[in-house]
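Undergrad: Below is the file coords37.txt, with compact mmCIF, C-alpha atoms and all ligand atoms.
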# COMPACT_ATOMS: atom_id res chain seq x y z
CA MET A 15 23.05 20.26 30.29
CA ALA A 16 25.31 23.08 29.21
CA ILE A 17 26.87 25.13 26.42
CA LEU A 18 30.58 25.85 26.63
CA TYR A 19 31.94 29.06 25.12
CA ALA A 20 35.58 28.51 24.19
CA ASP A 21 36.19 31.30 21.66
CA ASP A 22 38.16 34.51 22.32
CA PRO A 23 37.77 35.48 26.03
CA ALA A 24 37.75 39.14 24.97
CA ASP A 25 34.40 38.55 23.24
CA ALA A 26 32.87 36.37 25.97
CA ALA A 27 30.81 39.15 27.59
CA ALA A 28 29.27 40.20 24.27
CA TRP A 29 28.39 36.60 23.30
CA SER A 30 27.04 35.92 26.78
CA ALA A 31 24.76 38.96 26.60
CA ALA A 32 23.57 38.13 23.08
CA ILE A 33 22.88 34.44 23.83
CA ARG A 34 21.20 35.12 27.18
CA ALA A 35 19.04 37.81 25.60
CA LEU A 36 17.58 35.06 23.39
CA ASP A 37 17.27 32.47 26.14
CA PRO A 38 18.08 33.55 29.71
CA GLY A 39 17.59 30.00 30.95
CA LEU A 40 20.57 28.49 29.11
CA ASP A 41 23.42 27.07 31.16
CA LEU A 42 26.28 28.91 29.47
CA ARG A 43 29.81 28.23 30.70
CA PHE A 44 33.12 29.80 29.77
CA TRP A 45 36.36 27.98 29.08
CA PRO A 46 38.26 26.93 31.19
CA ASP A 47 35.42 26.87 33.79
CA CYS A 48 33.58 23.91 32.29
CA GLY A 49 32.19 22.39 35.50
CA ASP A 50 31.41 18.69 35.05
CA PRO A 51 32.67 17.82 31.51
CA ALA A 52 29.85 15.28 31.17
CA GLU A 53 27.32 18.15 31.20
CA ILE A 54 28.79 19.91 28.16
CA GLU A 55 26.63 19.16 25.10
CA PHE A 56 27.43 22.05 22.79
CA VAL A 57 30.68 23.93 22.28
CA ILE A 58 31.16 27.34 20.68
CA LEU A 59 34.59 27.85 19.09
CA GLY A 60 36.39 30.38 16.93
CA ALA A 61 39.19 29.06 14.74
CA LYS A 62 40.57 26.48 17.17
CA ALA A 63 39.57 24.10 19.93
CA PRO A 64 40.95 24.38 23.46
CA GLY A 65 42.59 20.96 23.33
CA ASP A 66 40.77 17.69 22.74
CA LEU A 67 36.96 18.02 22.77
CA ARG A 68 36.63 14.24 23.31
CA ARG A 69 36.89 15.02 27.01
CA PHE A 70 33.22 16.07 26.69
CA ALA A 71 31.71 12.62 26.44
CA ASN A 72 28.18 13.91 25.81
CA LEU A 73 29.09 16.53 23.23
CA ARG A 74 26.37 16.69 20.55
CA ALA A 75 27.57 19.45 18.25
CA ILE A 76 30.16 22.15 17.66
CA GLN A 77 29.40 25.67 16.49
CA SER A 78 32.02 28.00 15.05
CA THR A 79 31.67 31.77 15.29
CA TRP A 80 33.75 31.94 12.08
CA ALA A 81 32.38 31.67 8.55
CA GLY A 82 35.45 29.78 7.33
CA VAL A 83 36.16 26.48 9.07
CA ASN A 84 39.41 25.47 7.34
CA PHE A 85 41.39 25.93 10.57
CA LEU A 86 38.88 23.93 12.63
CA LEU A 87 38.77 21.09 10.10
CA ALA A 88 42.54 20.77 10.48
CA ASP A 89 42.29 20.80 14.30
CA THR A 90 42.91 17.36 15.79
CA GLY A 91 40.95 18.38 18.91
CA LEU A 92 37.66 18.15 16.98
CA PRO A 93 35.93 14.76 17.05
CA PRO A 94 35.17 14.21 13.33
CA GLU A 95 31.91 12.38 14.05
CA ARG A 96 30.33 15.38 15.80
CA PRO A 97 28.39 17.79 13.57
CA LEU A 98 30.06 21.15 13.04
CA ALA A 99 28.26 24.34 12.01
CA ARG A 100 29.91 27.38 10.51
CA MET A 101 28.67 30.92 11.03
CA VAL A 102 26.43 32.71 8.61
CA ASP A 103 25.62 36.02 10.25
CA ARG A 104 23.81 38.87 8.55
CA GLY A 105 26.04 41.34 10.44
CA LEU A 106 29.17 39.67 9.06
CA THR A 107 27.67 39.39 5.58
CA ALA A 108 26.76 43.09 5.48
CA SER A 109 30.26 43.97 6.60
CA MET A 110 31.91 41.85 3.89
CA THR A 111 29.63 43.34 1.24
CA GLU A 112 30.66 46.83 2.37
CA TYR A 113 34.31 45.83 1.99
CA VAL A 114 33.83 44.45 -1.50
CA VAL A 115 31.56 47.25 -2.75
CA PHE A 116 33.87 49.91 -1.29
CA HIS A 117 36.89 48.58 -3.18
CA VAL A 118 34.94 47.90 -6.38
CA LEU A 119 33.63 51.48 -6.36
CA ASP A 120 37.11 52.80 -5.59
CA HIS A 121 38.28 51.14 -8.79
CA LEU A 122 35.27 52.35 -10.82
CA ARG A 123 35.83 55.93 -9.65
CA ALA A 124 39.60 55.74 -10.28
CA GLY A 125 40.39 56.29 -6.60
CA PRO A 126 44.07 55.27 -6.82
CA ARG A 127 44.73 57.46 -9.90
CA LEU A 128 42.99 60.47 -8.37
CA ARG A 129 44.87 60.10 -5.07
CA ALA A 130 48.16 59.82 -6.96
CA ALA A 131 47.26 62.93 -8.98
CA GLN A 132 46.48 64.85 -5.80
CA ARG A 133 49.88 63.93 -4.34
CA GLU A 134 51.40 65.55 -7.47
CA ARG A 135 48.94 68.51 -7.34
CA ARG A 136 47.83 67.43 -10.81
CA TRP A 137 44.29 68.29 -12.01
CA LEU A 138 43.24 64.95 -13.50
CA GLU A 139 39.82 65.33 -15.11
CA LEU A 140 38.50 61.82 -15.59
CA GLU A 141 35.05 61.11 -16.93
CA PRO A 142 33.19 58.78 -14.56
CA ARG A 143 32.84 55.30 -16.02
CA LYS A 144 29.60 53.35 -16.15
CA PRO A 145 29.42 50.29 -13.85
CA GLN A 146 28.10 48.27 -16.80
CA SER A 147 31.48 48.69 -18.49
CA VAL A 148 33.25 46.91 -15.61
CA THR A 149 33.15 43.12 -15.45
CA VAL A 150 33.47 41.73 -11.93
CA ALA A 151 34.21 38.02 -11.51
CA ILE A 152 33.28 36.71 -8.07
CA LEU A 153 34.80 33.39 -7.02
CA GLY A 154 32.47 31.84 -4.44
CA LEU A 155 28.72 32.51 -4.54
CA GLY A 156 27.88 31.44 -1.01
CA ALA A 157 26.50 33.55 1.81
CA LEU A 158 29.13 36.23 1.21
CA GLY A 159 29.65 36.09 -2.56
CA ALA A 160 25.91 36.07 -3.27
CA ASP A 161 25.25 39.11 -1.08
CA ALA A 162 28.12 41.07 -2.62
CA ALA A 163 26.82 40.09 -6.07
CA ALA A 164 23.31 41.32 -5.22
CA ARG A 165 24.59 44.76 -4.17
CA LEU A 166 26.93 45.03 -7.19
CA HIS A 167 24.02 44.03 -9.45
CA GLU A 168 21.93 46.86 -7.98
CA LEU A 169 24.79 49.22 -8.80
CA GLY A 170 24.82 48.02 -12.41
CA PHE A 171 28.10 46.12 -12.70
CA THR A 172 28.51 43.30 -15.21
CA LEU A 173 28.84 40.21 -13.08
CA ARG A 174 30.19 36.71 -13.41
CA GLY A 175 30.24 34.17 -10.62
CA TRP A 176 32.00 30.89 -10.01
CA SER A 177 30.79 28.16 -7.68
CA ARG A 178 30.97 24.40 -7.36
CA SER A 179 27.32 23.76 -8.15
CA GLY A 180 26.69 26.52 -10.70
CA LYS A 181 24.54 28.80 -8.58
CA GLU A 182 22.02 30.96 -10.44
CA LEU A 183 21.70 34.54 -9.18
CA PRO A 184 19.97 37.58 -10.73
CA GLY A 185 22.30 39.49 -13.02
CA VAL A 186 25.18 37.02 -12.61
CA THR A 187 26.54 34.88 -15.44
CA SER A 188 27.27 31.65 -13.66
CA PHE A 189 30.18 29.23 -14.12
CA ALA A 190 30.83 25.97 -12.31
CA GLY A 191 33.79 23.69 -11.93
CA LEU A 192 37.51 24.08 -12.45
CA GLU A 193 37.15 23.56 -16.18
CA ARG A 194 35.10 26.78 -16.44
CA LEU A 195 37.22 28.97 -14.15
CA ALA A 196 39.26 30.44 -17.02
CA GLU A 197 36.03 31.37 -18.83
CA CYS A 198 34.75 33.12 -15.71
CA LEU A 199 37.98 35.11 -15.35
CA ASP A 200 38.52 35.81 -19.05
CA GLY A 201 39.03 39.56 -19.45
CA ALA A 202 37.48 40.39 -16.06
CA GLU A 203 38.47 43.79 -14.72
CA ILE A 204 37.86 42.98 -11.06
CA LEU A 205 38.40 39.61 -9.42
CA VAL A 206 36.76 39.13 -6.03
CA CYS A 207 37.68 36.00 -4.09
CA LEU A 208 35.20 34.80 -1.47
CA LEU A 209 35.87 31.06 -1.62
CA PRO A 210 36.31 28.73 1.33
CA LEU A 211 39.81 27.29 1.65
CA THR A 212 39.65 23.61 0.67
CA ASP A 213 41.93 21.12 -1.07
CA GLU A 214 40.33 22.22 -4.38
CA THR A 215 40.70 25.96 -3.84
CA ARG A 216 44.15 26.18 -2.22
CA GLY A 217 46.46 28.15 -4.54
CA ILE A 218 43.65 28.94 -6.98
CA LEU A 219 44.80 32.56 -7.33
CA ASP A 220 47.88 31.66 -9.34
CA ALA A 221 49.71 32.75 -12.50
CA ARG A 222 47.07 31.15 -14.74
CA ALA A 223 44.20 32.91 -13.02
CA PHE A 224 45.95 36.29 -13.13
CA ALA A 225 46.90 35.88 -16.80
CA ALA A 226 43.21 35.45 -17.69
CA LEU A 227 42.27 38.88 -16.32
CA ALA A 228 42.10 42.15 -18.25
CA PRO A 229 45.27 44.24 -18.26
CA GLY A 230 45.03 46.71 -15.36
CA ALA A 231 42.64 44.46 -13.45
CA VAL A 232 42.21 44.56 -9.66
CA LEU A 233 42.20 41.65 -7.23
CA ILE A 234 40.02 41.98 -4.13
CA HIS A 235 40.83 39.04 -1.90
CA ALA A 236 39.06 38.55 1.42
CA ALA A 237 38.83 34.75 1.64
CA ARG A 238 41.95 32.97 2.98
CA GLY A 239 45.66 33.64 2.53
CA ALA A 240 46.45 30.19 1.13
CA HIS A 241 44.24 30.83 -1.91
CA VAL A 242 47.04 33.04 -3.26
CA VAL A 243 50.32 31.85 -4.72
CA GLU A 244 52.23 34.86 -3.44
CA ALA A 245 55.18 34.62 -5.86
CA ASP A 246 52.71 34.42 -8.78
CA LEU A 247 50.88 37.51 -7.53
CA LEU A 248 54.08 39.53 -7.22
CA ALA A 249 55.13 38.47 -10.73
CA ALA A 250 51.66 39.25 -12.11
CA LEU A 251 51.61 42.71 -10.51
CA ALA A 252 54.95 43.45 -12.15
CA GLN A 253 53.23 42.69 -15.49
CA GLY A 254 50.17 44.80 -14.62
CA ARG A 255 47.66 41.94 -14.69
CA PRO A 256 46.37 42.54 -12.08
CA SER A 257 47.72 46.04 -11.65
CA ARG A 258 46.50 46.29 -8.03
CA ALA A 259 45.53 43.97 -5.23
CA VAL A 260 43.48 44.62 -2.11
CA ILE A 261 44.23 41.80 0.30
CA ASP A 262 42.67 41.13 3.69
CA VAL A 263 43.93 37.60 4.40
CA PHE A 264 47.41 36.12 4.41
CA ALA A 265 49.14 32.76 4.63
CA THR A 266 50.75 33.98 7.87
CA GLU A 267 48.72 36.28 10.11
CA PRO A 268 49.64 38.76 11.41
CA LEU A 269 51.52 39.52 8.22
CA PRO A 270 55.22 39.55 9.24
CA PRO A 271 56.83 43.04 9.14
CA GLU A 272 59.39 41.90 6.55
CA HIS A 273 56.72 40.59 4.14
CA PRO A 274 56.92 42.27 0.69
CA PHE A 275 53.15 42.92 0.57
CA TRP A 276 53.41 45.62 3.27
CA ARG A 277 55.44 48.04 1.18
CA HIS A 278 54.30 47.04 -2.31
CA PRO A 279 52.99 50.13 -4.11
CA ALA A 280 50.24 48.14 -5.87
CA ILE A 281 49.00 46.24 -2.81
CA THR A 282 46.56 47.49 -0.20
CA VAL A 283 46.89 45.41 2.95
CA THR A 284 44.02 45.23 5.41
CA PRO A 285 44.62 43.11 8.55
CA HIS A 286 41.85 40.46 8.28
CA VAL A 287 39.19 43.01 9.14
CA ALA A 288 36.86 42.73 6.14
CA ALA A 289 34.12 41.19 8.25
CA ILE A 290 33.64 39.77 11.70
CA THR A 291 30.71 38.00 13.28
CA ARG A 292 28.51 40.27 15.37
CA PRO A 293 27.26 38.52 18.52
CA GLY A 294 23.97 40.46 18.40
CA THR A 295 22.99 38.73 15.17
CA GLY A 296 25.26 35.67 15.23
CA ALA A 297 23.72 34.42 18.48
CA GLU A 298 20.41 33.65 16.73
CA ASP A 299 21.77 30.67 14.81
CA ILE A 300 23.84 29.54 17.78
CA VAL A 301 20.80 29.26 20.02
CA ALA A 302 18.79 27.66 17.21
CA ASN A 303 21.60 25.19 16.56
CA TYR A 304 21.81 24.25 20.23
CA ARG A 305 18.13 23.31 20.02
CA HIS A 306 18.70 21.42 16.78
CA ALA A 307 21.55 19.52 18.44
CA LEU A 308 19.40 18.58 21.44
CA ALA A 309 16.67 17.37 19.08
CA GLY A 310 19.17 15.38 17.01
CA GLU A 311 18.35 17.47 13.92
CA PRO A 312 20.82 18.70 11.28
CA LEU A 313 22.44 22.00 12.17
CA ILE A 314 21.87 25.27 10.34
CA ASN A 315 24.88 25.78 8.04
CA GLN A 316 26.27 22.40 8.94
CA VAL A 317 29.71 21.85 7.45
CA ASP A 318 30.07 19.13 4.84
CA ARG A 319 33.36 17.67 6.03
CA GLY A 320 33.80 15.77 2.74
CA GLN A 321 33.68 19.01 0.75
CA GLY A 322 35.69 20.92 3.35
CA TYR A 323 33.23 23.80 3.82
P1 LIG B 1 29.87 29.55 1.74
O1 LIG B 1 28.50 30.09 1.98
O2 LIG B 1 30.20 28.18 2.17
O3 LIG B 1 30.12 29.70 0.16
C1 LIG B 1 31.21 29.14 -0.47
C2 LIG B 1 31.08 29.34 -1.97
O4 LIG B 1 32.27 28.85 -2.59
C3 LIG B 1 29.91 28.54 -2.56
O5 LIG B 1 29.32 29.25 -3.61
C4 LIG B 1 30.62 27.30 -3.09
O6 LIG B 1 29.94 26.67 -4.18
C5 LIG B 1 31.92 27.89 -3.58
N1 LIG B 1 32.93 26.86 -3.69
C6 LIG B 1 33.42 26.05 -2.73
N2 LIG B 1 34.34 25.21 -3.22
C7 LIG B 1 34.41 25.47 -4.56
C8 LIG B 1 35.16 24.93 -5.63
N3 LIG B 1 35.99 23.92 -5.44
N4 LIG B 1 34.96 25.44 -6.86
C9 LIG B 1 34.10 26.45 -7.06
N5 LIG B 1 33.36 27.03 -6.08
C10 LIG B 1 33.52 26.53 -4.84
O7 LIG B 1 30.98 30.50 2.39
P2 LIG B 1 30.83 32.05 2.81
O8 LIG B 1 30.07 32.17 4.07
O9 LIG B 1 30.36 32.81 1.63
O10 LIG B 1 32.36 32.39 3.13
C11 LIG B 1 33.37 32.24 2.16
C12 LIG B 1 34.73 32.39 2.81
O11 LIG B 1 35.01 33.75 3.14
C13 LIG B 1 34.90 31.67 4.13
O12 LIG B 1 35.15 30.29 3.94
C14 LIG B 1 36.09 32.38 4.75
O13 LIG B 1 37.28 31.74 4.40
C15 LIG B 1 36.05 33.77 4.11
N6 LIG B 1 35.76 34.83 5.12
C16 LIG B 1 36.65 35.85 5.28
C17 LIG B 1 36.38 36.86 6.19
C18 LIG B 1 37.30 38.04 6.36
O14 LIG B 1 37.12 38.83 7.28
N7 LIG B 1 38.26 38.23 5.50
C19 LIG B 1 35.19 36.83 6.94
C20 LIG B 1 34.32 35.76 6.75
C21 LIG B 1 34.59 34.77 5.82
P3 LIG B 1 28.47 26.07 -4.00
O15 LIG B 1 27.54 27.26 -3.92
O16 LIG B 1 28.26 25.28 -5.22
O17 LIG B 1 28.49 25.27 -2.72
Would you mind writing the file's structure down as structure tokens?

TA:
Amino acid sequence: MAILYADDPADAAAWSAAIRALDPGLDLRFWPDCGDPAEIEFVILGAKAPGDLRRFANLRAIQSTWAGVNFLLADTGLPPERPLARMVDRGLTASMTEYVVFHVLDHLRAGPRLRAAQRERRWLELEPRKPQSVTVAILGLGALGADAAARLHELGFTLRGWSRSGKELPGVTSFAGLERLAECLDGAEILVCLLPLTDETRGILDARAFAALAPGAVLIHAARGAHVVEADLLAALAQGRPSRAVIDVFATEPLPPEHPFWRHPAITVTPHVAAITRPGTGAEDIVANYRHALAGEPLINQVDRGQGY
């Protein structure tokens, strides 16, 4: 019985080494060299399936190497009755937290103003602000949002968090449900979006959300492009609320050269590089999940298809 790797071929060698280091005895195959399709019990995918997975009659489970499964859930090649696991990888999580903390600290330490002053050879003496004076609202308190919140709490920021279930985390004032979103955002100076893309969260970063922020606020968005209503963001930036946006994810990726975000003076574009799964750490849950699948047990980080994440 075999595992089929059908994610990016460029990463196949790294995943192969990481998985075989944990269990050299596994029969690991690489798309399109599946061998007998009846022997494939577990498939590893990125953001899309290589055609219809129903060809693997004995498939027990599907594992994504991606944290967000919105693309896979929309993929008609995935049999909906087979359990699907998303990736929670401490390497990816650490990387996302670096991204968030880096941009939060850049705002705290007036990075954009100081860089602009340097371009003008202007000696801009700013007194460093205290992290406590900056309210950061984090949308999404899952694997990624919770870790970013923990690091920002250590640094002393004033934190609010928004989740579906009302997750309680040290140092974070918690809000749950759409009816409390405005309260979470009210007067926040930094908005961090780390939500999954679902029917409920699509377009959540809209004119209403931006209008709730403090004047001069910053948006740090590393979740999915379709969370943002782009026209609303451009209009909000023109009004200075938020006054800047750091954006890693876009409705169309790669971001087309003619897209206004590229040249917008208040937008920092990063090309979906905030965090990627590291095979060295990500392989642990994959191997564990293969065993869970063989034993007929629930997967680690199994996706709730009803909730969409
Ligand atoms: P996760 O562990 O599933 O956490 C999702 C969080 O969002 C949970 O706190 C959940 O609430 C909350 N949530 C979901 N739907 C909600 C709703 N309707 N209202 C309020 N809160 C809601 O996900 P994760 O691992 O942290 O990843 C989050 C997202 O980051 C991924 O889905 C992916 O799109 C994105 N991502 C981006 C990159 C990048 O490089 N830019 C890399 C990895 C991931 P509960 O706690 O109540 O369930």

Undergrad: Region 78-195 of chain A near region 259-282 of chain A within 12 Å: what's each residue's closest atom pair and its distance in Å to one decimal, counting all atoms listed in the file, ordered by chain then ascending residue number, as CSV?

TA:
residue,atom,partner,partner_atom,distance
A:Gly82,CA,A:Val263,CA,11.9
A:Phe85,CA,A:Ala265,CA,11.9
A:Met110,CA,A:Asp262,CA,10.8
A:Tyr113,CA,A:Asp262,CA,9.7
A:Val114,CA,A:Val260,CA,9.7
A:Phe116,CA,A:Val260,CA,11.0
A:His117,CA,A:Val260,CA,7.8
A:Val118,CA,A:Val260,CA,10.1
A:Asp120,CA,A:Val260,CA,10.9
A:His121,CA,A:Val260,CA,10.7
A:Pro126,CA,A:Ala280,CA,9.5
A:Arg127,CA,A:Ala280,CA,11.6
A:Ala130,CA,A:Pro279,CA,11.2

Undergrad: Once you count only C-alpha atoms and all ligand atoms, which residues end up within 8 Å of ligand LIG 1 (chain B), and could you hand them over as a PDB file with C-alpha atoms, in the coordinates of the input?

TA:
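Saved file pocket.pdb follows:
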ATOM      1  CA  TRP A  80      33.750  31.940  12.080  1.00  0.00           C
ATOM      2  CA  ALA A  81      32.380  31.670   8.550  1.00  0.00           C
ATOM      3  CA  GLY A  82      35.450  29.780   7.330  1.00  0.00           C
ATOM      4  CA  VAL A  83      36.160  26.480   9.070  1.00  0.00           C
ATOM      5  CA  ASN A  84      39.410  25.470   7.340  1.00  0.00           C
ATOM      6  CA  MET A 101      28.670  30.920  11.030  1.00  0.00           C
ATOM      7  CA  VAL A 102      26.430  32.710   8.610  1.00  0.00           C
ATOM      8  CA  LEU A 106      29.170  39.670   9.060  1.00  0.00           C
ATOM      9  CA  THR A 107      27.670  39.390   5.580  1.00  0.00           C
ATOM     10  CA  MET A 110      31.910  41.850   3.890  1.00  0.00           C
ATOM     11  CA  LEU A 153      34.800  33.390  -7.020  1.00  0.00           C
ATOM     12  CA  GLY A 154      32.470  31.840  -4.440  1.00  0.00           C
ATOM     13  CA  LEU A 155      28.720  32.510  -4.540  1.00  0.00           C
ATOM     14  CA  GLY A 156      27.880  31.440  -1.010  1.00  0.00           C
ATOM     15  CA  ALA A 157      26.500  33.550   1.810  1.00  0.00           C
ATOM     16  CA  LEU A 158      29.130  36.230   1.210  1.00  0.00           C
ATOM     17  CA  GLY A 159      29.650  36.090  -2.560  1.00  0.00           C
ATOM     18  CA  ALA A 160      25.910  36.070  -3.270  1.00  0.00           C
ATOM     19  CA  TRP A 176      32.000  30.890 -10.010  1.00  0.00           C
ATOM     20  CA  SER A 177      30.790  28.160  -7.680  1.00  0.00           C
ATOM     21  CA  ARG A 178      30.970  24.400  -7.360  1.00  0.00           C
ATOM     22  CA  SER A 179      27.320  23.760  -8.150  1.00  0.00           C
ATOM     23  CA  GLY A 180      26.690  26.520 -10.700  1.00  0.00           C
ATOM     24  CA  LYS A 181      24.540  28.800  -8.580  1.00  0.00           C
ATOM     25  CA  ALA A 190      30.830  25.970 -12.310  1.00  0.00           C
ATOM     26  CA  GLY A 191      33.790  23.690 -11.930  1.00  0.00           C
ATOM     27  CA  LEU A 192      37.510  24.080 -12.450  1.00  0.00           C
ATOM     28  CA  LEU A 208      35.200  34.800  -1.470  1.00  0.00           C
ATOM     29  CA  LEU A 209      35.870  31.060  -1.620  1.00  0.00           C
ATOM     30  CA  PRO A 210      36.310  28.730   1.330  1.00  0.00           C
ATOM     31  CA  LEU A 211      39.810  27.290   1.650  1.00  0.00           C
ATOM     32  CA  THR A 212      39.650  23.610   0.670  1.00  0.00           C
ATOM     33  CA  ASP A 213      41.930  21.120  -1.070  1.00  0.00           C
ATOM     34  CA  GLU A 214      40.330  22.220  -4.380  1.00  0.00           C
ATOM     35  CA  THR A 215      40.700  25.960  -3.840  1.00  0.00           C
ATOM     36  CA  HIS A 235      40.830  39.040  -1.900  1.00  0.00           C
ATOM     37  CA  ALA A 236      39.060  38.550   1.420  1.00  0.00           C
ATOM     38  CA  ALA A 237      38.830  34.750   1.640  1.00  0.00           C
ATOM     39  CA  ARG A 238      41.950  32.970   2.980  1.00  0.00           C
ATOM     40  CA  ASP A 262      42.670  41.130   3.690  1.00  0.00           C
ATOM     41  CA  VAL A 263      43.930  37.600   4.400  1.00  0.00           C
ATOM     42  CA  HIS A 286      41.850  40.460   8.280  1.00  0.00           C
ATOM     43  CA  VAL A 287      39.190  43.010   9.140  1.00  0.00           C
ATOM     44  CA  ALA A 288      36.860  42.730   6.140  1.00  0.00           C
ATOM     45  CA  ALA A 289      34.120  41.190   8.250  1.00  0.00           C
ATOM     46  CA  ILE A 290      33.640  39.770  11.700  1.00  0.00           C
ATOM     47  CA  THR A 291      30.710  38.000  13.280  1.00  0.00           C
ATOM     48  CA  GLN A 321      33.680  19.010   0.750  1.00  0.00           C
ATOM     49  CA  GLY A 322      35.690  20.920   3.350  1.00  0.00           C
ATOM     50  CA  TYR A 323      33.230  23.800   3.820  1.00  0.00           C
TER      51      TYR A 323
END

Undergrad: Could you give me, as a PyMOL selection string, the residues within 12 Å of Ala249 (chain A), counting all atoms listed in the file and dropping anything in the same chain fewer than 4 positions from it?

TA: chain A and resi 220-222+224-225+243-245+253-258+280

Undergrad: If we count only C-alpha atoms, what is near region 300-307 of chain A at a cut-off of 12 Å, once residues fewer than 6 positions away on the same chain are taken out, given as a ChimeraX atom specification?

TA: /A:15-19,29-30,32-42,54-59,72-80,96-103,291-294,313-316

Undergrad: Any idea what the distance is between CA of Leu251 (chain A) and CA of Ile204 (chain A)?

TA: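 Taking CA of Leu251 (chain A) and CA of Ile204 (chain A), their separation equals 13.8 Å.
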
Undergrad: Excluding same-chain residues fewer than 2 positions from Ala164 (chain A), what lies within 9 Å of it counting all atoms listed in the file, as number ranges by chain?

TA: A: 159-162, 166-169, 183-186

Undergrad: Please determine, counting all atoms listed in the file, which residue among A:Gly239, A:Gly175, A:Gly201, A:Pro46 has the shortest atom-to-atom distance to Leu227 (chain A).

TA: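 Among A:Gly239, A:Gly175, A:Gly201, A:Pro46, it is A:Gly201 that comes nearest to Leu227 (chain A).
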
Undergrad: Using all atoms listed in the file, pick whichever of A:His241, A:Ala231, A:Leu140, A:Glu203 has the shortest atom-to-atom distance to Arg216 (chain A).

TA: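 Of the candidates, the smallest distance to Arg216 (chain A) is held by A:His241.
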
Undergrad: Would you compute the distance between CA of Ala309 (chain A) and CA of Ala297 (chain A)? Give it in Å to one decimal.

TA: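 Separation of CA of Ala309 (chain A) and CA of Ala297 (chain A): 18.5 Å.
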
Undergrad: Might I get the box with edges along x, y and z of the file that holds all atoms of region 166-170 of chain A listed there, padded by 3 Å on every side, given as centre and edge lengths in Å to one decimal, as JSON?

TA:
{"center_x": 24.4, "center_y": 46.6, "center_z": -9.8, "size_x": 11.0, "size_y": 11.2, "size_z": 11.2}

Undergrad: Show which residues sit within 12 Å of Ala202 (chain A), as a ChimeraX atom specification. Count only C-alpha atoms, and ignore same-chain residues fewer than 2 positions away.

TA: /A:147-153,171-175,195-200,204-206,223-233,255-256

Undergrad: Can you pull out the residues contacting Arg69 (chain A)? Cut-off 12 Å, using all atoms listed in the file, and skip same-chain residues under 3 positions away; I want them as a VMD selection string.

TA: chain A and resid 48 50 to 55 57 63 to 66 72 to 73 91 to 93

Undergrad: So how many Å separate CA of Gly60 (chain A) and CA of Asp21 (chain A), to one decimal?

TA: 4.8 Å
